[in-house]
Every structure is written in structure tokens, then in C-alpha cells.
$ cat structure_17.cif   # mmCIF, N, CA and C atoms and all ligand atoms
data_coords
loop_
_atom_site.label_atom_id
_atom_site.label_comp_id
_atom_site.auth_asym_id
_atom_site.auth_seq_id
_atom_site.Cartn_x
_atom_site.Cartn_y
_atom_site.Cartn_z
N MET Q 1 -1.44 -1.38 16.41
CA MET Q 1 -0.07 -1.35 16.93
C MET Q 1 0.60 -0.03 16.58
N ILE Q 2 1.69 0.29 17.23
CA ILE Q 2 2.33 1.58 17.04
C ILE Q 2 2.81 1.74 15.58
N ASN Q 3 2.53 2.91 15.02
CA ASN Q 3 2.91 3.26 13.64
C ASN Q 3 2.21 2.44 12.56
N VAL Q 4 1.14 1.74 12.90
CA VAL Q 4 0.40 0.91 11.93
C VAL Q 4 -1.09 1.06 12.22
N GLY Q 5 -1.91 1.15 11.18
CA GLY Q 5 -3.35 1.17 11.44
C GLY Q 5 -4.17 1.20 10.16
N MET Q 6 -5.37 0.67 10.25
CA MET Q 6 -6.26 0.68 9.09
C MET Q 6 -6.94 2.04 8.99
N MET Q 7 -7.15 2.48 7.76
CA MET Q 7 -7.83 3.74 7.49
C MET Q 7 -9.02 3.47 6.58
N GLN Q 8 -10.09 4.19 6.83
CA GLN Q 8 -11.31 4.03 6.02
C GLN Q 8 -11.44 5.25 5.10
N PHE Q 9 -11.62 5.02 3.82
CA PHE Q 9 -11.82 6.13 2.88
C PHE Q 9 -13.27 6.18 2.45
N LYS Q 10 -13.64 7.34 1.85
CA LYS Q 10 -15.05 7.46 1.53
C LYS Q 10 -15.36 6.93 0.13
N ASN Q 11 -16.61 6.55 0.00
CA ASN Q 11 -17.09 5.97 -1.26
C ASN Q 11 -18.16 6.90 -1.79
N ILE Q 12 -17.96 7.47 -2.96
CA ILE Q 12 -18.98 8.31 -3.56
C ILE Q 12 -19.63 7.49 -4.67
N THR Q 13 -20.84 7.06 -4.40
CA THR Q 13 -21.50 6.15 -5.34
C THR Q 13 -22.79 6.81 -5.81
N ASP Q 14 -23.04 6.75 -7.11
CA ASP Q 14 -24.22 7.46 -7.64
C ASP Q 14 -24.94 6.66 -8.73
N GLY Q 15 -24.76 5.39 -8.70
CA GLY Q 15 -25.44 4.58 -9.70
C GLY Q 15 -24.60 4.33 -10.94
N ARG Q 16 -23.53 5.16 -11.12
CA ARG Q 16 -22.62 4.92 -12.25
C ARG Q 16 -21.40 4.12 -11.80
N GLY Q 17 -21.35 3.88 -10.47
CA GLY Q 17 -20.18 3.18 -9.93
C GLY Q 17 -19.69 3.90 -8.70
N ASP Q 18 -18.48 3.55 -8.28
CA ASP Q 18 -17.93 4.06 -7.03
C ASP Q 18 -16.69 4.91 -7.30
N LEU Q 19 -16.54 5.97 -6.52
CA LEU Q 19 -15.36 6.83 -6.64
C LEU Q 19 -14.83 7.10 -5.24
N THR Q 20 -13.53 6.88 -5.07
CA THR Q 20 -12.90 7.10 -3.75
C THR Q 20 -11.78 8.13 -3.88
N PRO Q 21 -11.98 9.32 -3.32
CA PRO Q 21 -10.92 10.33 -3.36
C PRO Q 21 -9.98 10.19 -2.16
N ILE Q 22 -8.69 10.43 -2.38
CA ILE Q 22 -7.72 10.45 -1.27
C ILE Q 22 -6.86 11.69 -1.45
N GLU Q 23 -7.01 12.64 -0.54
CA GLU Q 23 -6.26 13.89 -0.64
C GLU Q 23 -5.12 13.89 0.39
N ALA Q 24 -3.93 14.24 -0.11
CA ALA Q 24 -2.74 14.29 0.74
C ALA Q 24 -2.97 15.27 1.88
N THR Q 25 -2.52 14.87 3.04
CA THR Q 25 -2.59 15.61 4.32
C THR Q 25 -4.03 15.78 4.86
N LYS Q 26 -5.03 15.46 4.05
CA LYS Q 26 -6.41 15.53 4.56
C LYS Q 26 -6.92 14.12 4.89
N ASP Q 27 -6.85 13.24 3.90
CA ASP Q 27 -7.35 11.88 4.11
C ASP Q 27 -6.25 10.95 4.59
N ILE Q 28 -5.01 11.33 4.33
CA ILE Q 28 -3.86 10.56 4.85
C ILE Q 28 -2.89 11.56 5.48
N PRO Q 29 -2.08 11.11 6.43
CA PRO Q 29 -1.32 12.08 7.25
C PRO Q 29 0.02 12.51 6.65
N PHE Q 30 0.13 12.57 5.31
CA PHE Q 30 1.40 13.02 4.72
C PHE Q 30 1.16 13.51 3.30
N GLU Q 31 2.14 14.26 2.77
CA GLU Q 31 2.15 14.62 1.35
C GLU Q 31 2.56 13.39 0.55
N ILE Q 32 1.98 13.22 -0.62
CA ILE Q 32 2.35 12.07 -1.45
C ILE Q 32 3.40 12.51 -2.47
N LYS Q 33 4.59 11.88 -2.39
CA LYS Q 33 5.62 12.20 -3.39
C LYS Q 33 5.72 11.11 -4.44
N ARG Q 34 5.15 9.95 -4.15
CA ARG Q 34 5.36 8.81 -5.06
C ARG Q 34 4.19 7.85 -4.90
N ILE Q 35 3.78 7.25 -6.01
CA ILE Q 35 2.87 6.11 -5.91
C ILE Q 35 3.49 4.97 -6.72
N TYR Q 36 3.19 3.77 -6.32
CA TYR Q 36 3.54 2.62 -7.16
C TYR Q 36 2.51 1.54 -6.93
N TYR Q 37 2.46 0.60 -7.84
CA TYR Q 37 1.49 -0.48 -7.67
C TYR Q 37 2.13 -1.79 -8.06
N ILE Q 38 1.65 -2.83 -7.41
CA ILE Q 38 2.21 -4.18 -7.57
C ILE Q 38 1.10 -5.06 -8.12
N THR Q 39 1.38 -5.75 -9.20
CA THR Q 39 0.41 -6.63 -9.86
C THR Q 39 1.14 -7.92 -10.27
N GLY Q 40 0.38 -8.90 -10.67
CA GLY Q 40 0.97 -10.10 -11.28
C GLY Q 40 1.79 -10.94 -10.33
N VAL Q 41 1.47 -10.91 -9.03
CA VAL Q 41 2.25 -11.68 -8.06
C VAL Q 41 1.68 -13.10 -7.94
N GLN Q 42 2.54 -14.07 -8.03
CA GLN Q 42 2.12 -15.47 -7.94
C GLN Q 42 1.78 -15.82 -6.48
N PRO Q 43 0.90 -16.82 -6.29
CA PRO Q 43 0.36 -17.10 -4.93
C PRO Q 43 1.41 -17.39 -3.86
N LYS Q 44 2.52 -18.03 -4.20
CA LYS Q 44 3.49 -18.43 -3.16
C LYS Q 44 4.51 -17.33 -2.83
N ILE Q 45 4.41 -16.22 -3.52
CA ILE Q 45 5.45 -15.18 -3.38
C ILE Q 45 5.22 -14.31 -2.15
N ARG Q 46 6.33 -13.98 -1.47
CA ARG Q 46 6.33 -13.04 -0.35
C ARG Q 46 7.14 -11.84 -0.76
N ARG Q 47 6.58 -10.66 -0.64
CA ARG Q 47 7.30 -9.44 -1.00
C ARG Q 47 7.46 -8.57 0.25
N GLY Q 48 8.13 -7.44 0.04
CA GLY Q 48 8.38 -6.57 1.18
C GLY Q 48 9.62 -7.06 1.89
N LEU Q 49 9.46 -7.62 3.07
CA LEU Q 49 10.59 -8.09 3.89
C LEU Q 49 11.59 -6.95 4.08
N HIS Q 50 11.06 -5.82 4.47
CA HIS Q 50 11.91 -4.68 4.77
C HIS Q 50 11.16 -3.71 5.67
N ALA Q 51 11.93 -2.75 6.20
CA ALA Q 51 11.35 -1.63 6.94
C ALA Q 51 11.99 -0.36 6.40
N HIS Q 52 11.38 0.77 6.71
CA HIS Q 52 11.93 2.06 6.30
C HIS Q 52 12.25 2.89 7.53
N MET Q 53 13.31 3.66 7.40
CA MET Q 53 13.72 4.53 8.50
C MET Q 53 12.74 5.71 8.66
N TYR Q 54 12.38 6.36 7.55
CA TYR Q 54 11.58 7.59 7.64
C TYR Q 54 10.24 7.53 6.89
N LEU Q 55 10.11 6.62 5.96
CA LEU Q 55 8.98 6.66 5.03
C LEU Q 55 7.63 6.37 5.70
N HIS Q 56 6.62 7.10 5.25
CA HIS Q 56 5.22 6.80 5.59
C HIS Q 56 4.56 6.25 4.33
N GLN Q 57 3.72 5.24 4.49
CA GLN Q 57 3.04 4.67 3.33
C GLN Q 57 1.60 4.32 3.70
N VAL Q 58 0.73 4.32 2.66
CA VAL Q 58 -0.59 3.72 2.80
C VAL Q 58 -0.74 2.69 1.68
N LEU Q 59 -1.11 1.47 2.06
CA LEU Q 59 -1.28 0.37 1.11
C LEU Q 59 -2.78 0.13 0.89
N LEU Q 60 -3.17 0.05 -0.37
CA LEU Q 60 -4.58 -0.20 -0.70
C LEU Q 60 -4.64 -1.33 -1.71
N CYS Q 61 -5.49 -2.29 -1.44
CA CYS Q 61 -5.67 -3.37 -2.42
C CYS Q 61 -6.91 -3.02 -3.24
N LEU Q 62 -6.68 -2.58 -4.49
CA LEU Q 62 -7.78 -2.08 -5.32
C LEU Q 62 -8.57 -3.20 -5.97
N ASN Q 63 -7.95 -4.36 -6.11
CA ASN Q 63 -8.65 -5.52 -6.67
C ASN Q 63 -8.08 -6.77 -6.04
N GLY Q 64 -8.95 -7.73 -5.74
CA GLY Q 64 -8.47 -8.97 -5.14
C GLY Q 64 -8.11 -8.76 -3.68
N SER Q 65 -7.14 -9.54 -3.21
CA SER Q 65 -6.78 -9.46 -1.78
C SER Q 65 -5.30 -9.79 -1.59
N VAL Q 66 -4.79 -9.33 -0.48
CA VAL Q 66 -3.41 -9.62 -0.08
C VAL Q 66 -3.33 -9.50 1.43
N ARG Q 67 -2.45 -10.30 2.03
CA ARG Q 67 -2.22 -10.16 3.47
C ARG Q 67 -0.91 -9.40 3.69
N VAL Q 68 -0.91 -8.58 4.75
CA VAL Q 68 0.30 -7.83 5.10
C VAL Q 68 0.60 -8.10 6.56
N HIS Q 69 1.78 -8.65 6.82
CA HIS Q 69 2.21 -8.84 8.21
C HIS Q 69 3.13 -7.68 8.58
N THR Q 70 2.82 -7.04 9.69
CA THR Q 70 3.64 -5.93 10.17
C THR Q 70 4.22 -6.34 11.51
N LYS Q 71 5.45 -5.93 11.74
CA LYS Q 71 6.00 -6.23 13.07
C LYS Q 71 7.08 -5.25 13.48
N THR Q 72 7.19 -5.09 14.80
CA THR Q 72 8.27 -4.34 15.42
C THR Q 72 8.82 -5.27 16.51
N PRO Q 73 9.88 -4.88 17.20
CA PRO Q 73 10.36 -5.77 18.27
C PRO Q 73 9.33 -5.95 19.38
N LEU Q 74 8.33 -5.06 19.45
CA LEU Q 74 7.35 -5.12 20.52
C LEU Q 74 6.11 -5.92 20.20
N GLU Q 75 5.70 -5.92 18.91
CA GLU Q 75 4.40 -6.50 18.57
C GLU Q 75 4.33 -6.81 17.08
N GLY Q 76 3.29 -7.55 16.73
CA GLY Q 76 3.09 -7.88 15.32
C GLY Q 76 1.62 -8.04 15.03
N GLU Q 77 1.23 -7.79 13.77
CA GLU Q 77 -0.17 -7.93 13.41
C GLU Q 77 -0.27 -8.21 11.92
N THR Q 78 -1.21 -9.08 11.55
CA THR Q 78 -1.43 -9.39 10.14
C THR Q 78 -2.78 -8.82 9.71
N PHE Q 79 -2.77 -8.13 8.58
CA PHE Q 79 -3.98 -7.49 8.06
C PHE Q 79 -4.34 -8.14 6.73
N LEU Q 80 -5.65 -8.32 6.51
CA LEU Q 80 -6.14 -8.76 5.20
C LEU Q 80 -6.65 -7.52 4.48
N LEU Q 81 -6.05 -7.22 3.33
CA LEU Q 81 -6.54 -6.09 2.52
C LEU Q 81 -7.37 -6.68 1.39
N ASN Q 82 -8.66 -6.40 1.41
CA ASN Q 82 -9.55 -6.95 0.37
C ASN Q 82 -10.68 -5.98 0.05
N ASN Q 83 -10.46 -4.70 0.37
CA ASN Q 83 -11.50 -3.70 0.20
C ASN Q 83 -10.84 -2.39 -0.23
N PRO Q 84 -11.18 -1.87 -1.41
CA PRO Q 84 -10.51 -0.66 -1.90
C PRO Q 84 -10.85 0.60 -1.12
N LEU Q 85 -11.76 0.49 -0.16
CA LEU Q 85 -12.07 1.64 0.70
C LEU Q 85 -11.24 1.65 1.97
N LYS Q 86 -10.43 0.61 2.16
CA LYS Q 86 -9.64 0.52 3.39
C LYS Q 86 -8.16 0.50 3.04
N GLY Q 87 -7.41 1.37 3.72
CA GLY Q 87 -5.97 1.42 3.49
C GLY Q 87 -5.24 1.05 4.76
N LEU Q 88 -4.04 0.51 4.58
CA LEU Q 88 -3.20 0.19 5.75
C LEU Q 88 -2.08 1.21 5.82
N TYR Q 89 -2.10 2.02 6.88
CA TYR Q 89 -1.02 2.99 7.10
C TYR Q 89 0.15 2.26 7.77
N ILE Q 90 1.34 2.45 7.22
CA ILE Q 90 2.55 1.91 7.86
C ILE Q 90 3.56 3.05 7.95
N GLY Q 91 3.91 3.41 9.16
CA GLY Q 91 4.85 4.51 9.39
C GLY Q 91 6.29 4.01 9.49
N PRO Q 92 7.17 4.87 9.95
CA PRO Q 92 8.59 4.52 10.04
C PRO Q 92 8.87 3.34 10.98
N MET Q 93 9.93 2.63 10.65
CA MET Q 93 10.50 1.59 11.50
C MET Q 93 9.57 0.41 11.79
N VAL Q 94 8.78 0.04 10.77
CA VAL Q 94 7.92 -1.14 10.88
C VAL Q 94 8.31 -2.13 9.79
N TRP Q 95 8.64 -3.34 10.19
CA TRP Q 95 8.93 -4.41 9.23
C TRP Q 95 7.63 -4.87 8.59
N ARG Q 96 7.61 -5.08 7.26
CA ARG Q 96 6.38 -5.55 6.61
C ARG Q 96 6.68 -6.64 5.58
N GLU Q 97 5.72 -7.57 5.50
CA GLU Q 97 5.80 -8.65 4.51
C GLU Q 97 4.42 -8.80 3.88
N MET Q 98 4.38 -8.83 2.54
CA MET Q 98 3.11 -8.99 1.82
C MET Q 98 3.09 -10.39 1.21
N PHE Q 99 1.97 -11.09 1.39
CA PHE Q 99 1.88 -12.47 0.92
C PHE Q 99 0.42 -12.82 0.65
N ASP Q 100 0.20 -14.04 0.16
CA ASP Q 100 -1.17 -14.48 -0.17
C ASP Q 100 -1.85 -13.53 -1.15
N PHE Q 101 -1.11 -13.10 -2.17
CA PHE Q 101 -1.73 -12.28 -3.22
C PHE Q 101 -2.73 -13.16 -3.98
N SER Q 102 -3.96 -12.69 -4.12
CA SER Q 102 -4.95 -13.45 -4.90
C SER Q 102 -4.68 -13.22 -6.38
N ALA Q 103 -5.28 -14.05 -7.22
CA ALA Q 103 -5.18 -13.84 -8.66
C ALA Q 103 -5.75 -12.46 -8.97
N GLY Q 104 -5.04 -11.68 -9.75
CA GLY Q 104 -5.54 -10.36 -10.15
C GLY Q 104 -5.40 -9.29 -9.08
N ALA Q 105 -4.69 -9.58 -7.99
CA ALA Q 105 -4.55 -8.57 -6.92
C ALA Q 105 -3.79 -7.36 -7.45
N VAL Q 106 -4.29 -6.17 -7.07
CA VAL Q 106 -3.63 -4.91 -7.43
C VAL Q 106 -3.37 -4.16 -6.13
N LEU Q 107 -2.10 -4.05 -5.76
CA LEU Q 107 -1.74 -3.37 -4.52
C LEU Q 107 -1.17 -2.00 -4.86
N LEU Q 108 -1.89 -0.96 -4.44
CA LEU Q 108 -1.46 0.42 -4.68
C LEU Q 108 -0.79 0.95 -3.42
N VAL Q 109 0.35 1.61 -3.59
CA VAL Q 109 1.05 2.17 -2.44
C VAL Q 109 1.24 3.67 -2.63
N LEU Q 110 0.82 4.45 -1.62
CA LEU Q 110 1.04 5.89 -1.59
C LEU Q 110 2.21 6.13 -0.63
N ALA Q 111 3.19 6.89 -1.07
CA ALA Q 111 4.41 7.02 -0.26
C ALA Q 111 4.77 8.49 -0.06
N SER Q 112 5.35 8.79 1.11
CA SER Q 112 5.63 10.17 1.48
C SER Q 112 6.93 10.70 0.89
N GLU Q 113 7.76 9.82 0.36
CA GLU Q 113 9.08 10.25 -0.15
C GLU Q 113 9.38 9.58 -1.48
N TYR Q 114 10.32 10.18 -2.23
CA TYR Q 114 10.81 9.54 -3.44
C TYR Q 114 11.53 8.26 -3.06
N TYR Q 115 11.67 7.39 -4.03
CA TYR Q 115 12.39 6.13 -3.79
C TYR Q 115 13.84 6.42 -3.39
N ASP Q 116 14.26 5.82 -2.29
CA ASP Q 116 15.64 6.01 -1.83
C ASP Q 116 16.07 4.74 -1.11
N GLU Q 117 16.94 3.99 -1.74
CA GLU Q 117 17.36 2.70 -1.18
C GLU Q 117 18.02 2.88 0.19
N ARG Q 118 18.58 4.08 0.47
CA ARG Q 118 19.26 4.31 1.76
C ARG Q 118 18.28 4.34 2.93
N ASP Q 119 16.98 4.48 2.61
CA ASP Q 119 15.96 4.50 3.68
C ASP Q 119 15.53 3.10 4.11
N TYR Q 120 16.05 2.07 3.40
CA TYR Q 120 15.57 0.70 3.64
C TYR Q 120 16.42 -0.03 4.68
N PHE Q 121 15.75 -0.84 5.50
CA PHE Q 121 16.42 -1.95 6.21
C PHE Q 121 15.96 -3.20 5.49
N ARG Q 122 16.85 -3.93 4.87
CA ARG Q 122 16.45 -5.16 4.18
C ARG Q 122 16.89 -6.41 4.94
N ASP Q 123 17.63 -6.19 6.04
CA ASP Q 123 18.08 -7.31 6.87
C ASP Q 123 17.38 -7.19 8.23
N TYR Q 124 16.68 -8.27 8.63
CA TYR Q 124 15.87 -8.15 9.85
C TYR Q 124 16.72 -7.91 11.08
N THR Q 125 17.87 -8.53 11.16
CA THR Q 125 18.72 -8.35 12.35
C THR Q 125 19.21 -6.91 12.46
N ASP Q 126 19.59 -6.32 11.33
CA ASP Q 126 19.99 -4.90 11.34
C ASP Q 126 18.82 -4.04 11.80
N TYR Q 127 17.65 -4.33 11.22
CA TYR Q 127 16.44 -3.58 11.56
C TYR Q 127 16.16 -3.67 13.06
N GLU Q 128 16.20 -4.90 13.57
CA GLU Q 128 15.81 -5.13 14.97
C GLU Q 128 16.70 -4.36 15.95
N GLY Q 129 18.00 -4.32 15.63
CA GLY Q 129 18.95 -3.61 16.50
C GLY Q 129 18.57 -2.13 16.62
N VAL Q 130 18.29 -1.50 15.46
CA VAL Q 130 17.94 -0.08 15.46
C VAL Q 130 16.54 0.12 16.04
N ALA Q 131 15.62 -0.79 15.70
CA ALA Q 131 14.22 -0.64 16.12
C ALA Q 131 14.08 -0.72 17.64
N LYS Q 132 14.89 -1.55 18.27
CA LYS Q 132 14.80 -1.65 19.74
C LYS Q 132 15.14 -0.31 20.38
N LYS Q 133 16.11 0.39 19.80
CA LYS Q 133 16.45 1.72 20.33
C LYS Q 133 15.35 2.71 19.97
N PHE Q 134 14.88 2.64 18.71
CA PHE Q 134 13.85 3.58 18.22
C PHE Q 134 12.60 3.54 19.10
N PHE Q 135 12.16 2.31 19.42
CA PHE Q 135 10.93 2.16 20.21
C PHE Q 135 11.21 2.19 21.71
N GLY Q 136 12.50 2.38 22.07
CA GLY Q 136 12.84 2.50 23.48
C GLY Q 136 12.52 1.25 24.27
N CYS Q 137 12.67 0.10 23.61
CA CYS Q 137 12.18 -1.11 24.27
C CYS Q 137 13.32 -2.03 24.72
N GLU Q 138 14.56 -1.52 24.71
CA GLU Q 138 15.66 -2.42 25.09
C GLU Q 138 15.49 -2.93 26.52
N ALA Q 139 14.98 -2.06 27.39
CA ALA Q 139 14.80 -2.45 28.79
C ALA Q 139 13.66 -3.44 28.97
N LEU Q 140 12.75 -3.47 28.00
CA LEU Q 140 11.56 -4.32 28.13
C LEU Q 140 11.78 -5.72 27.59
N LEU Q 141 12.75 -5.88 26.68
CA LEU Q 141 12.88 -7.17 25.97
C LEU Q 141 14.03 -8.02 26.51
P1 LIG C 201 11.25 -4.00 -3.68
O1 LIG C 201 11.50 -2.98 -2.61
O2 LIG C 201 12.07 -5.24 -3.64
O3 LIG C 201 9.70 -4.39 -3.71
P2 LIG C 201 8.80 -5.04 -2.54
O4 LIG C 201 8.81 -4.08 -1.40
O5 LIG C 201 7.44 -5.20 -3.13
O6 LIG C 201 9.38 -6.35 -2.16
O7 LIG C 201 11.42 -3.28 -5.10
C1 LIG C 201 11.56 -4.02 -6.29
C2 LIG C 201 12.48 -3.24 -7.22
O8 LIG C 201 11.88 -2.02 -7.62
C3 LIG C 201 13.80 -2.89 -6.57
O9 LIG C 201 14.82 -3.04 -7.57
C4 LIG C 201 13.67 -1.43 -6.23
C5 LIG C 201 12.73 -0.92 -7.29
N1 LIG C 201 11.87 0.18 -6.86
C6 LIG C 201 11.95 1.41 -7.51
O10 LIG C 201 12.77 1.61 -8.42
N2 LIG C 201 11.11 2.42 -7.12
C7 LIG C 201 10.20 2.26 -6.14
O11 LIG C 201 9.45 3.21 -5.82
C8 LIG C 201 10.13 0.99 -5.47
C9 LIG C 201 9.14 0.76 -4.35
C10 LIG C 201 10.97 -0.02 -5.86
#

$ encode --input "structure_17.cif" --output "C-alpha cells" --more "lines below"
Ligand code: TYD
Amino acid sequence: MINVGMMQFKNITDGRGDLTPIEATKDIPFEIKRIYYITGVQPKIRRGLHAHMYLHQVLLCLNGSVRVHTKTPLEGETFLLNNPLKGLYIGPMVWREMFDFSAGAVLLVLASEYYDERDYFRDYTDYEGVAKKFFGCEALL
């Protein structure tokens, strides 16, 4: 879907284990200004429930699994992240919800900008109003 997609990273394995390098602007389409990781999430918890105006992110589940639902006014898709070689790119103006965290799940997020609460839409109705204009879909819906 638009502004969302899975990315495959490389695995360098030599008998001592696996190593996955991710270089900004080479392996992902932005400079990394911030990383954060989410751990210790209980099974019934839903996180995210927001969109960003400008931020680009890549989500990687380094251990365990988590589902991520992405949506815009035009489309929606749910991804299962359960492989540390696969990242989910989420660009601007995409609503996301993370749920079904497995025991021990470690969700790493690479982000293009410093944390800025002003970049967030935390209310779906507010988001939807702006997103319909952003995606030029008012005439279609
Ligand atoms: P929140 O956006 O609610 O997390 P999630 O997207 O997983 O639901 O963030 C939780 C808290 O952490 C909130 O008070 C904002 C703060 N925070 C930072 O200080 N820096 C960051 O980089 C992020 C992502 C969140």
C-alpha cells in the first residue's frame, strides 16, 4: 500500500551467528536521527494508534513477533513481524496500530526525526480529515 512496505535486510552468517547491518540512506530511505525499542508489552495491549505528518520509520521485530495494522483512508493492511531480517517501512500520513506482542517481543524502531509530539495525529478523525486531502482521495470516497 502507499507509503508502507516490507523491506528485506541482509544476513551475514559465518558460523558464529548472524549479523544484520542497516545503513542510513543505503539500506533504508532516510537518515536515522532516533531509535527506540519497545519491550515488555502484555498480550492484550494495543500500542501506536497514531499517524505522523512527516516522519519516516522502519519497524523491526528483533525477537518474538508482533502484528502491525496500517491504514489510510484508501486502504489497510496487517503485517506480521516475526523475522529480524524483515523491516516494515511506514512513511508519512499512515495510521498504525501494534498488537499481538508475543512474550519477549522486542520491537526496534528506526526514525528519521527527533521525537516531536507536534508531528503526531493521535485522534483518528483528525487524521482522516487531513489524510483524505493528503492522498487526494476526497473525490474517490
Ligand atoms: P507513544 O507514542 O504513546 O508510544 P506507542 O507509539 O508505542 O504507542 O509513546 C509513549 C511515551 O513515550 C509518550 O509519553 C511519548 C514518549 N516518547 C518519547 O519520549 N520519545 C520517543 O521517541 C517516543 C517514540 C515516545

$ residues_near_ligand --input "structure_17.cif" --ligand "ligand LIG 201 (chain C)" --cutoff "8 Å" --atoms "all atoms listed in the file" --output "mmCIF file with N, CA and C atoms, in the frame of the given file"
data_model
loop_
_atom_site.group_PDB
_atom_site.id
_atom_site.type_symbol
_atom_site.label_atom_id
_atom_site.label_comp_id
_atom_site.auth_asym_id
_atom_site.auth_seq_id
_atom_site.Cartn_x
_atom_site.Cartn_y
_atom_site.Cartn_z
ATOM 1 N N ARG Q 34 5.150 9.950 -4.150
ATOM 2 C CA ARG Q 34 5.360 8.810 -5.060
ATOM 3 C C ARG Q 34 4.190 7.850 -4.900
ATOM 4 N N ILE Q 35 3.780 7.250 -6.010
ATOM 5 C CA ILE Q 35 2.870 6.110 -5.910
ATOM 6 C C ILE Q 35 3.490 4.970 -6.720
ATOM 7 N N TYR Q 36 3.190 3.770 -6.320
ATOM 8 C CA TYR Q 36 3.540 2.620 -7.160
ATOM 9 C C TYR Q 36 2.510 1.540 -6.930
ATOM 10 N N TYR Q 37 2.460 0.600 -7.840
ATOM 11 C CA TYR Q 37 1.490 -0.480 -7.670
ATOM 12 C C TYR Q 37 2.130 -1.790 -8.060
ATOM 13 N N ILE Q 38 1.650 -2.830 -7.410
ATOM 14 C CA ILE Q 38 2.210 -4.180 -7.570
ATOM 15 C C ILE Q 38 1.100 -5.060 -8.120
ATOM 16 N N ARG Q 46 6.330 -13.980 -1.470
ATOM 17 C CA ARG Q 46 6.330 -13.040 -0.350
ATOM 18 C C ARG Q 46 7.140 -11.840 -0.760
ATOM 19 N N ARG Q 47 6.580 -10.660 -0.640
ATOM 20 C CA ARG Q 47 7.300 -9.440 -1.000
ATOM 21 C C ARG Q 47 7.460 -8.570 0.250
ATOM 22 N N GLY Q 48 8.130 -7.440 0.040
ATOM 23 C CA GLY Q 48 8.380 -6.570 1.180
ATOM 24 C C GLY Q 48 9.620 -7.060 1.890
ATOM 25 N N LEU Q 49 9.460 -7.620 3.070
ATOM 26 C CA LEU Q 49 10.590 -8.090 3.890
ATOM 27 C C LEU Q 49 11.590 -6.950 4.080
ATOM 28 N N HIS Q 50 11.060 -5.820 4.470
ATOM 29 C CA HIS Q 50 11.910 -4.680 4.770
ATOM 30 C C HIS Q 50 11.160 -3.710 5.670
ATOM 31 N N ARG Q 96 7.610 -5.080 7.260
ATOM 32 C CA ARG Q 96 6.380 -5.550 6.610
ATOM 33 C C ARG Q 96 6.680 -6.640 5.580
ATOM 34 N N GLU Q 97 5.720 -7.570 5.500
ATOM 35 C CA GLU Q 97 5.800 -8.650 4.510
ATOM 36 C C GLU Q 97 4.420 -8.800 3.880
ATOM 37 N N MET Q 98 4.380 -8.830 2.540
ATOM 38 C CA MET Q 98 3.110 -8.990 1.820
ATOM 39 C C MET Q 98 3.090 -10.390 1.210
ATOM 40 N N GLU Q 113 7.760 9.820 0.360
ATOM 41 C CA GLU Q 113 9.080 10.250 -0.150
ATOM 42 C C GLU Q 113 9.380 9.580 -1.480
ATOM 43 N N TYR Q 114 10.320 10.180 -2.230
ATOM 44 C CA TYR Q 114 10.810 9.540 -3.440
ATOM 45 C C TYR Q 114 11.530 8.260 -3.060
ATOM 46 N N TYR Q 115 11.670 7.390 -4.030
ATOM 47 C CA TYR Q 115 12.390 6.130 -3.790
ATOM 48 C C TYR Q 115 13.840 6.420 -3.390
ATOM 49 N N ASP Q 116 14.260 5.820 -2.290
ATOM 50 C CA ASP Q 116 15.640 6.010 -1.830
ATOM 51 C C ASP Q 116 16.070 4.740 -1.110
ATOM 52 N N GLU Q 117 16.940 3.990 -1.740
ATOM 53 C CA GLU Q 117 17.360 2.700 -1.180
ATOM 54 C C GLU Q 117 18.020 2.880 0.190
#

$ closest_atom_pairs --input "structure_17.cif" --of "segment 32-138 of chain Q" --to "segment 2-7 of chain Q" --cutoff "6 Å" --atoms "all atoms listed in the file" --output "JSON lines"
{"residue": "Q:Leu85", "atom": "C", "partner": "Q:Met7", "partner_atom": "C", "distance": 5.4}
{"residue": "Q:Lys86", "atom": "CA", "partner": "Q:Met7", "partner_atom": "C", "distance": 4.4}
{"residue": "Q:Gly87", "atom": "C", "partner": "Q:Met7", "partner_atom": "N", "distance": 3.8}
{"residue": "Q:Leu88", "atom": "CA", "partner": "Q:Met6", "partner_atom": "CA", "distance": 4.6}
{"residue": "Q:Tyr89", "atom": "N", "partner": "Q:Gly5", "partner_atom": "C", "distance": 4.0}
{"residue": "Q:Ile90", "atom": "CA", "partner": "Q:Val4", "partner_atom": "CA", "distance": 4.7}
{"residue": "Q:Gly91", "atom": "N", "partner": "Q:Asn3", "partner_atom": "C", "distance": 3.9}
{"residue": "Q:Pro92", "atom": "N", "partner": "Q:Asn3", "partner_atom": "CA", "distance": 5.9}

$ atom_distance --input "structure_17.cif" --atom1 "atom CA of Phe134 of chain Q" --atom2 "atom CA of Trp95 of chain Q"
13.0 Å

$ atom_distance --input "structure_17.cif" --atom1 "atom CA of Thr70 of chain Q" --atom2 "atom N of Tyr124 of chain Q"
13.3 Å

$ atom_distance --input "structure_17.cif" --atom1 "atom N of Asn82 of chain Q" --atom2 "atom CA of Val66 of chain Q"
6.3 Å
